[in-house]
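Colleague: Next comes the structure file final37.cif, holding mmCIF, N, CA and C atoms.
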```cif
data_data
#
loop_
_atom_site.label_atom_id
_atom_site.label_comp_id
_atom_site.auth_asym_id
_atom_site.auth_seq_id
_atom_site.Cartn_x
_atom_site.Cartn_y
_atom_site.Cartn_z
N MET A 248 4.34 18.58 -3.68
CA MET A 248 4.10 17.80 -2.47
C MET A 248 3.36 16.53 -2.84
N CYS A 249 3.80 15.43 -2.31
CA CYS A 249 3.14 14.15 -2.51
C CYS A 249 2.14 13.91 -1.38
N GLY A 250 1.12 13.20 -1.69
CA GLY A 250 0.09 12.87 -0.71
C GLY A 250 -1.09 12.26 -1.44
N PRO A 251 -2.27 12.38 -0.88
CA PRO A 251 -3.44 11.77 -1.51
C PRO A 251 -3.73 12.27 -2.92
N LYS A 252 -3.14 13.35 -3.32
CA LYS A 252 -3.30 13.83 -4.69
C LYS A 252 -1.95 13.73 -5.40
N PRO A 253 -1.94 13.21 -6.64
CA PRO A 253 -0.67 13.06 -7.36
C PRO A 253 0.04 14.39 -7.55
N CYS A 254 1.35 14.32 -7.56
CA CYS A 254 2.15 15.51 -7.83
C CYS A 254 2.89 15.29 -9.15
N GLU A 255 3.78 16.17 -9.47
CA GLU A 255 4.51 16.10 -10.73
C GLU A 255 5.84 15.36 -10.61
N LEU A 256 6.17 14.87 -9.43
CA LEU A 256 7.43 14.16 -9.25
C LEU A 256 7.41 12.84 -10.01
N GLU A 257 8.53 12.48 -10.61
CA GLU A 257 8.63 11.24 -11.40
C GLU A 257 8.34 10.00 -10.56
N ASN A 258 8.73 10.02 -9.30
CA ASN A 258 8.55 8.85 -8.44
C ASN A 258 7.36 8.97 -7.50
N CYS A 259 6.36 9.78 -7.85
CA CYS A 259 5.17 9.96 -7.01
C CYS A 259 4.41 8.65 -6.92
N THR A 260 4.21 8.16 -5.70
CA THR A 260 3.51 6.89 -5.52
C THR A 260 2.00 7.05 -5.47
N TRP A 261 1.51 8.25 -5.65
CA TRP A 261 0.07 8.49 -5.70
C TRP A 261 -0.42 8.65 -7.14
N SER A 262 0.47 8.54 -8.09
CA SER A 262 0.10 8.80 -9.48
C SER A 262 -0.54 7.58 -10.15
N GLU A 263 -1.27 7.83 -11.21
CA GLU A 263 -1.85 6.76 -12.02
C GLU A 263 -0.75 5.92 -12.65
N LYS A 264 0.34 6.55 -13.05
CA LYS A 264 1.47 5.84 -13.64
C LYS A 264 2.01 4.80 -12.66
N HIS A 265 2.18 5.19 -11.41
CA HIS A 265 2.68 4.27 -10.39
C HIS A 265 1.68 3.14 -10.13
N ARG A 266 0.41 3.48 -10.03
CA ARG A 266 -0.63 2.48 -9.79
C ARG A 266 -0.65 1.46 -10.93
N MET A 267 -0.55 1.94 -12.17
CA MET A 267 -0.58 1.05 -13.32
C MET A 267 0.65 0.14 -13.33
N ALA A 268 1.81 0.66 -12.99
CA ALA A 268 3.03 -0.15 -12.93
C ALA A 268 2.91 -1.24 -11.87
N CYS A 269 2.32 -0.91 -10.73
CA CYS A 269 2.12 -1.90 -9.67
C CYS A 269 1.15 -2.99 -10.13
N GLU A 270 0.07 -2.59 -10.78
CA GLU A 270 -0.89 -3.56 -11.28
C GLU A 270 -0.24 -4.46 -12.33
N ALA A 271 0.57 -3.87 -13.20
CA ALA A 271 1.26 -4.65 -14.24
C ALA A 271 2.18 -5.69 -13.61
N ARG A 272 2.94 -5.31 -12.58
CA ARG A 272 3.82 -6.27 -11.90
C ARG A 272 3.01 -7.39 -11.26
N ALA A 273 1.88 -7.06 -10.66
CA ALA A 273 1.04 -8.07 -10.03
C ALA A 273 0.48 -9.04 -11.07
N VAL A 274 -0.08 -8.51 -12.14
CA VAL A 274 -0.67 -9.35 -13.18
C VAL A 274 0.40 -10.21 -13.84
N LEU A 275 1.56 -9.66 -14.05
CA LEU A 275 2.66 -10.40 -14.68
C LEU A 275 3.11 -11.59 -13.82
N SER A 276 2.89 -11.53 -12.55
CA SER A 276 3.29 -12.62 -11.67
C SER A 276 2.29 -13.78 -11.68
N TRP A 277 1.12 -13.57 -12.27
CA TRP A 277 0.09 -14.60 -12.32
C TRP A 277 0.36 -15.59 -13.44
N PRO A 278 -0.23 -16.80 -13.34
CA PRO A 278 -0.14 -17.76 -14.45
C PRO A 278 -0.82 -17.17 -15.70
N LEU A 279 -0.36 -17.60 -16.86
CA LEU A 279 -0.84 -17.05 -18.13
C LEU A 279 -2.36 -17.11 -18.27
N ALA A 280 -2.97 -18.23 -17.93
CA ALA A 280 -4.43 -18.36 -18.07
C ALA A 280 -5.17 -17.32 -17.22
N LYS A 281 -4.68 -17.09 -15.99
CA LYS A 281 -5.31 -16.09 -15.12
C LYS A 281 -5.13 -14.69 -15.69
N ARG A 282 -3.93 -14.41 -16.24
CA ARG A 282 -3.70 -13.09 -16.87
C ARG A 282 -4.67 -12.86 -18.01
N ARG A 283 -4.81 -13.85 -18.88
CA ARG A 283 -5.71 -13.71 -20.04
C ARG A 283 -7.16 -13.49 -19.59
N GLU A 284 -7.60 -14.22 -18.59
CA GLU A 284 -8.97 -14.08 -18.10
C GLU A 284 -9.18 -12.69 -17.52
N TYR A 285 -8.22 -12.21 -16.75
CA TYR A 285 -8.32 -10.88 -16.13
C TYR A 285 -8.35 -9.79 -17.19
N LEU A 286 -7.47 -9.87 -18.17
CA LEU A 286 -7.42 -8.85 -19.22
C LEU A 286 -8.71 -8.85 -20.04
N ALA A 287 -9.31 -10.01 -20.26
CA ALA A 287 -10.58 -10.08 -20.97
C ALA A 287 -11.71 -9.47 -20.15
N ARG A 288 -11.62 -9.60 -18.85
CA ARG A 288 -12.68 -9.13 -17.96
C ARG A 288 -12.66 -7.62 -17.72
N ILE A 289 -11.50 -6.98 -17.80
CA ILE A 289 -11.44 -5.56 -17.42
C ILE A 289 -11.82 -4.59 -18.53
N GLY A 290 -12.10 -5.10 -19.71
CA GLY A 290 -12.63 -4.25 -20.77
C GLY A 290 -11.65 -3.24 -21.33
N LYS A 291 -12.12 -1.99 -21.42
CA LYS A 291 -11.32 -0.97 -22.11
C LYS A 291 -10.01 -0.61 -21.41
N ARG A 292 -9.89 -0.91 -20.13
CA ARG A 292 -8.62 -0.67 -19.43
C ARG A 292 -7.53 -1.63 -19.86
N ALA A 293 -7.91 -2.72 -20.53
CA ALA A 293 -6.96 -3.77 -20.88
C ALA A 293 -5.83 -3.26 -21.78
N ASP A 294 -6.13 -2.38 -22.71
CA ASP A 294 -5.08 -1.89 -23.62
C ASP A 294 -3.98 -1.16 -22.87
N ALA A 295 -4.37 -0.29 -21.95
CA ALA A 295 -3.37 0.45 -21.17
C ALA A 295 -2.58 -0.51 -20.28
N LEU A 296 -3.27 -1.48 -19.70
CA LEU A 296 -2.58 -2.44 -18.83
C LEU A 296 -1.65 -3.33 -19.64
N LYS A 297 -2.05 -3.73 -20.82
CA LYS A 297 -1.17 -4.54 -21.69
C LYS A 297 0.11 -3.77 -22.01
N ALA A 298 -0.03 -2.48 -22.27
CA ALA A 298 1.15 -1.65 -22.55
C ALA A 298 2.05 -1.58 -21.32
N ALA A 299 1.46 -1.41 -20.14
CA ALA A 299 2.24 -1.36 -18.91
C ALA A 299 2.91 -2.70 -18.62
N ILE A 300 2.22 -3.80 -18.92
CA ILE A 300 2.80 -5.13 -18.74
C ILE A 300 3.99 -5.31 -19.67
N SER A 301 3.87 -4.83 -20.90
CA SER A 301 4.97 -4.92 -21.86
C SER A 301 6.20 -4.15 -21.37
N VAL A 302 5.97 -2.97 -20.84
CA VAL A 302 7.08 -2.16 -20.29
C VAL A 302 7.74 -2.90 -19.13
N GLU A 303 6.92 -3.47 -18.24
CA GLU A 303 7.45 -4.19 -17.08
C GLU A 303 8.20 -5.44 -17.52
N TRP A 304 7.67 -6.14 -18.52
CA TRP A 304 8.34 -7.33 -19.05
C TRP A 304 9.74 -6.97 -19.56
N ASP A 305 9.80 -5.88 -20.34
CA ASP A 305 11.09 -5.43 -20.87
C ASP A 305 12.05 -5.03 -19.75
N ARG A 306 11.52 -4.37 -18.72
CA ARG A 306 12.35 -3.95 -17.59
C ARG A 306 12.91 -5.16 -16.86
N GLN A 307 12.05 -6.14 -16.61
CA GLN A 307 12.49 -7.35 -15.92
C GLN A 307 13.48 -8.14 -16.77
N SER A 308 13.26 -8.20 -18.08
CA SER A 308 14.18 -8.90 -18.97
C SER A 308 15.56 -8.24 -18.95
N ALA A 309 15.58 -6.92 -18.97
CA ALA A 309 16.85 -6.19 -18.92
C ALA A 309 17.59 -6.48 -17.61
N LEU A 310 16.86 -6.51 -16.52
CA LEU A 310 17.50 -6.82 -15.23
C LEU A 310 18.04 -8.23 -15.20
N ARG A 311 17.27 -9.19 -15.76
CA ARG A 311 17.74 -10.58 -15.81
C ARG A 311 19.00 -10.70 -16.65
N SER A 312 19.04 -9.96 -17.76
CA SER A 312 20.22 -10.04 -18.63
C SER A 312 21.48 -9.49 -17.94
N LEU A 313 21.28 -8.62 -16.96
CA LEU A 313 22.39 -8.08 -16.19
C LEU A 313 22.72 -8.95 -14.98
N GLY A 314 21.92 -10.01 -14.80
CA GLY A 314 22.14 -10.90 -13.67
C GLY A 314 21.60 -10.38 -12.37
N LEU A 315 20.65 -9.46 -12.45
CA LEU A 315 20.07 -8.88 -11.22
C LEU A 315 18.75 -9.52 -10.90
#
```
Represent the structure from my file as structure tokens, please.
Modeller:
Amino acid sequence: MCGPKPCELENCTWSEKHRMACEARAVLSWPLAKRREYLARIGKRADALKAAISVEWDRQSALRSLGL
């Protein structure tokens, strides 16, 4: 069951995975200087967010290559 507590469903919108993907999409939409400043400011979370941003970048690139 989905709700305020994450479940095991792949598309659970309450999960940390989903939250991180949303944050990655938001940060990726910012200008480069703002992204760099934010990543420097968030400390140890930056590594995980950088990885999520990389995944999102690849996903968006694949969609662009398909013309979507």
Colleague: Grab the CA of Gly290 (chain A) to CA of Ser308 (chain A) distance for me, in Å with one decimal place.
Modeller: 27.3 Å
Colleague: So the first atom is atom N of Glu255 (chain A) and the second is atom C of Glu303 (chain A); what is the distance between them in Å, to one decimal place?
Modeller: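 Interatomic distance, atom N of Glu255 (chain A) to atom C of Glu303 (chain A): 23.5 Å.
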Colleague: Distance atom N of Arg266 (chain A)-CA of Asp305 (chain A), one decimal place?
Modeller: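 Straight-line distance from atom N of Arg266 (chain A) to CA of Asp305 (chain A) works out to 17.6 Å.
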Colleague: Name the residues captured by the PyMOL selection byres (((chain A and resi 263 and name CA) around 12) and name CA) when it is applied to the shown file; answer as a PyMOL selection string.
Modeller: chain A and resi 251-255+257-262+264-270+295-296+299
Colleague: May I have the residues at most 10 Å from (1.4, -7.3, -19.1) in the file's coordinates, counting only C-alpha atoms, as a tab-separated table (two decimals) with N, CA and C atoms, in the coordinates of the input?
Modeller:
```tsv
chain	number	residue	atom	x	y	z
A	268	ALA	N	1.81	0.66	-12.99
A	268	ALA	CA	3.03	-0.15	-12.93
A	268	ALA	C	2.91	-1.24	-11.87
A	270	GLU	N	0.07	-2.59	-10.78
A	270	GLU	CA	-0.89	-3.56	-11.28
A	270	GLU	C	-0.24	-4.46	-12.33
A	271	ALA	N	0.57	-3.87	-13.20
A	271	ALA	CA	1.26	-4.65	-14.24
A	271	ALA	C	2.18	-5.69	-13.61
A	272	ARG	N	2.94	-5.31	-12.58
A	272	ARG	CA	3.82	-6.27	-11.90
A	272	ARG	C	3.01	-7.39	-11.26
A	273	ALA	N	1.88	-7.06	-10.66
A	273	ALA	CA	1.04	-8.07	-10.03
A	273	ALA	C	0.48	-9.04	-11.07
A	274	VAL	N	-0.08	-8.51	-12.14
A	274	VAL	CA	-0.67	-9.35	-13.18
A	274	VAL	C	0.40	-10.21	-13.84
A	275	LEU	N	1.56	-9.66	-14.05
A	275	LEU	CA	2.66	-10.40	-14.68
A	275	LEU	C	3.11	-11.59	-13.82
A	276	SER	N	2.89	-11.53	-12.55
A	276	SER	CA	3.29	-12.62	-11.67
A	276	SER	C	2.29	-13.78	-11.68
A	282	ARG	N	-3.93	-14.41	-16.24
A	282	ARG	CA	-3.70	-13.09	-16.87
A	282	ARG	C	-4.67	-12.86	-18.01
A	283	ARG	N	-4.81	-13.85	-18.88
A	283	ARG	CA	-5.71	-13.71	-20.04
A	283	ARG	C	-7.16	-13.49	-19.59
A	286	LEU	N	-7.47	-9.87	-18.17
A	286	LEU	CA	-7.42	-8.85	-19.22
A	286	LEU	C	-8.71	-8.85	-20.04
A	293	ALA	N	-7.91	-2.72	-20.53
A	293	ALA	CA	-6.96	-3.77	-20.88
A	293	ALA	C	-5.83	-3.26	-21.78
A	294	ASP	N	-6.13	-2.38	-22.71
A	294	ASP	CA	-5.08	-1.89	-23.62
A	294	ASP	C	-3.98	-1.16	-22.87
A	295	ALA	N	-4.37	-0.29	-21.95
A	295	ALA	CA	-3.37	0.45	-21.17
A	295	ALA	C	-2.58	-0.51	-20.28
A	296	LEU	N	-3.27	-1.48	-19.70
A	296	LEU	CA	-2.58	-2.44	-18.83
A	296	LEU	C	-1.65	-3.33	-19.64
A	297	LYS	N	-2.05	-3.73	-20.82
A	297	LYS	CA	-1.17	-4.54	-21.69
A	297	LYS	C	0.11	-3.77	-22.01
A	298	ALA	N	-0.03	-2.48	-22.27
A	298	ALA	CA	1.15	-1.65	-22.55
A	298	ALA	C	2.05	-1.58	-21.32
A	299	ALA	N	1.46	-1.41	-20.14
A	299	ALA	CA	2.24	-1.36	-18.91
A	299	ALA	C	2.91	-2.70	-18.62
A	300	ILE	N	2.22	-3.80	-18.92
A	300	ILE	CA	2.80	-5.13	-18.74
A	300	ILE	C	3.99	-5.31	-19.67
A	301	SER	N	3.87	-4.83	-20.90
A	301	SER	CA	4.97	-4.92	-21.86
A	301	SER	C	6.20	-4.15	-21.37
A	302	VAL	N	5.97	-2.97	-20.84
A	302	VAL	CA	7.08	-2.16	-20.29
A	302	VAL	C	7.74	-2.90	-19.13
A	303	GLU	N	6.92	-3.47	-18.24
A	303	GLU	CA	7.45	-4.19	-17.08
A	303	GLU	C	8.20	-5.44	-17.52
A	304	TRP	N	7.67	-6.14	-18.52
A	304	TRP	CA	8.34	-7.33	-19.05
A	304	TRP	C	9.74	-6.97	-19.56
```
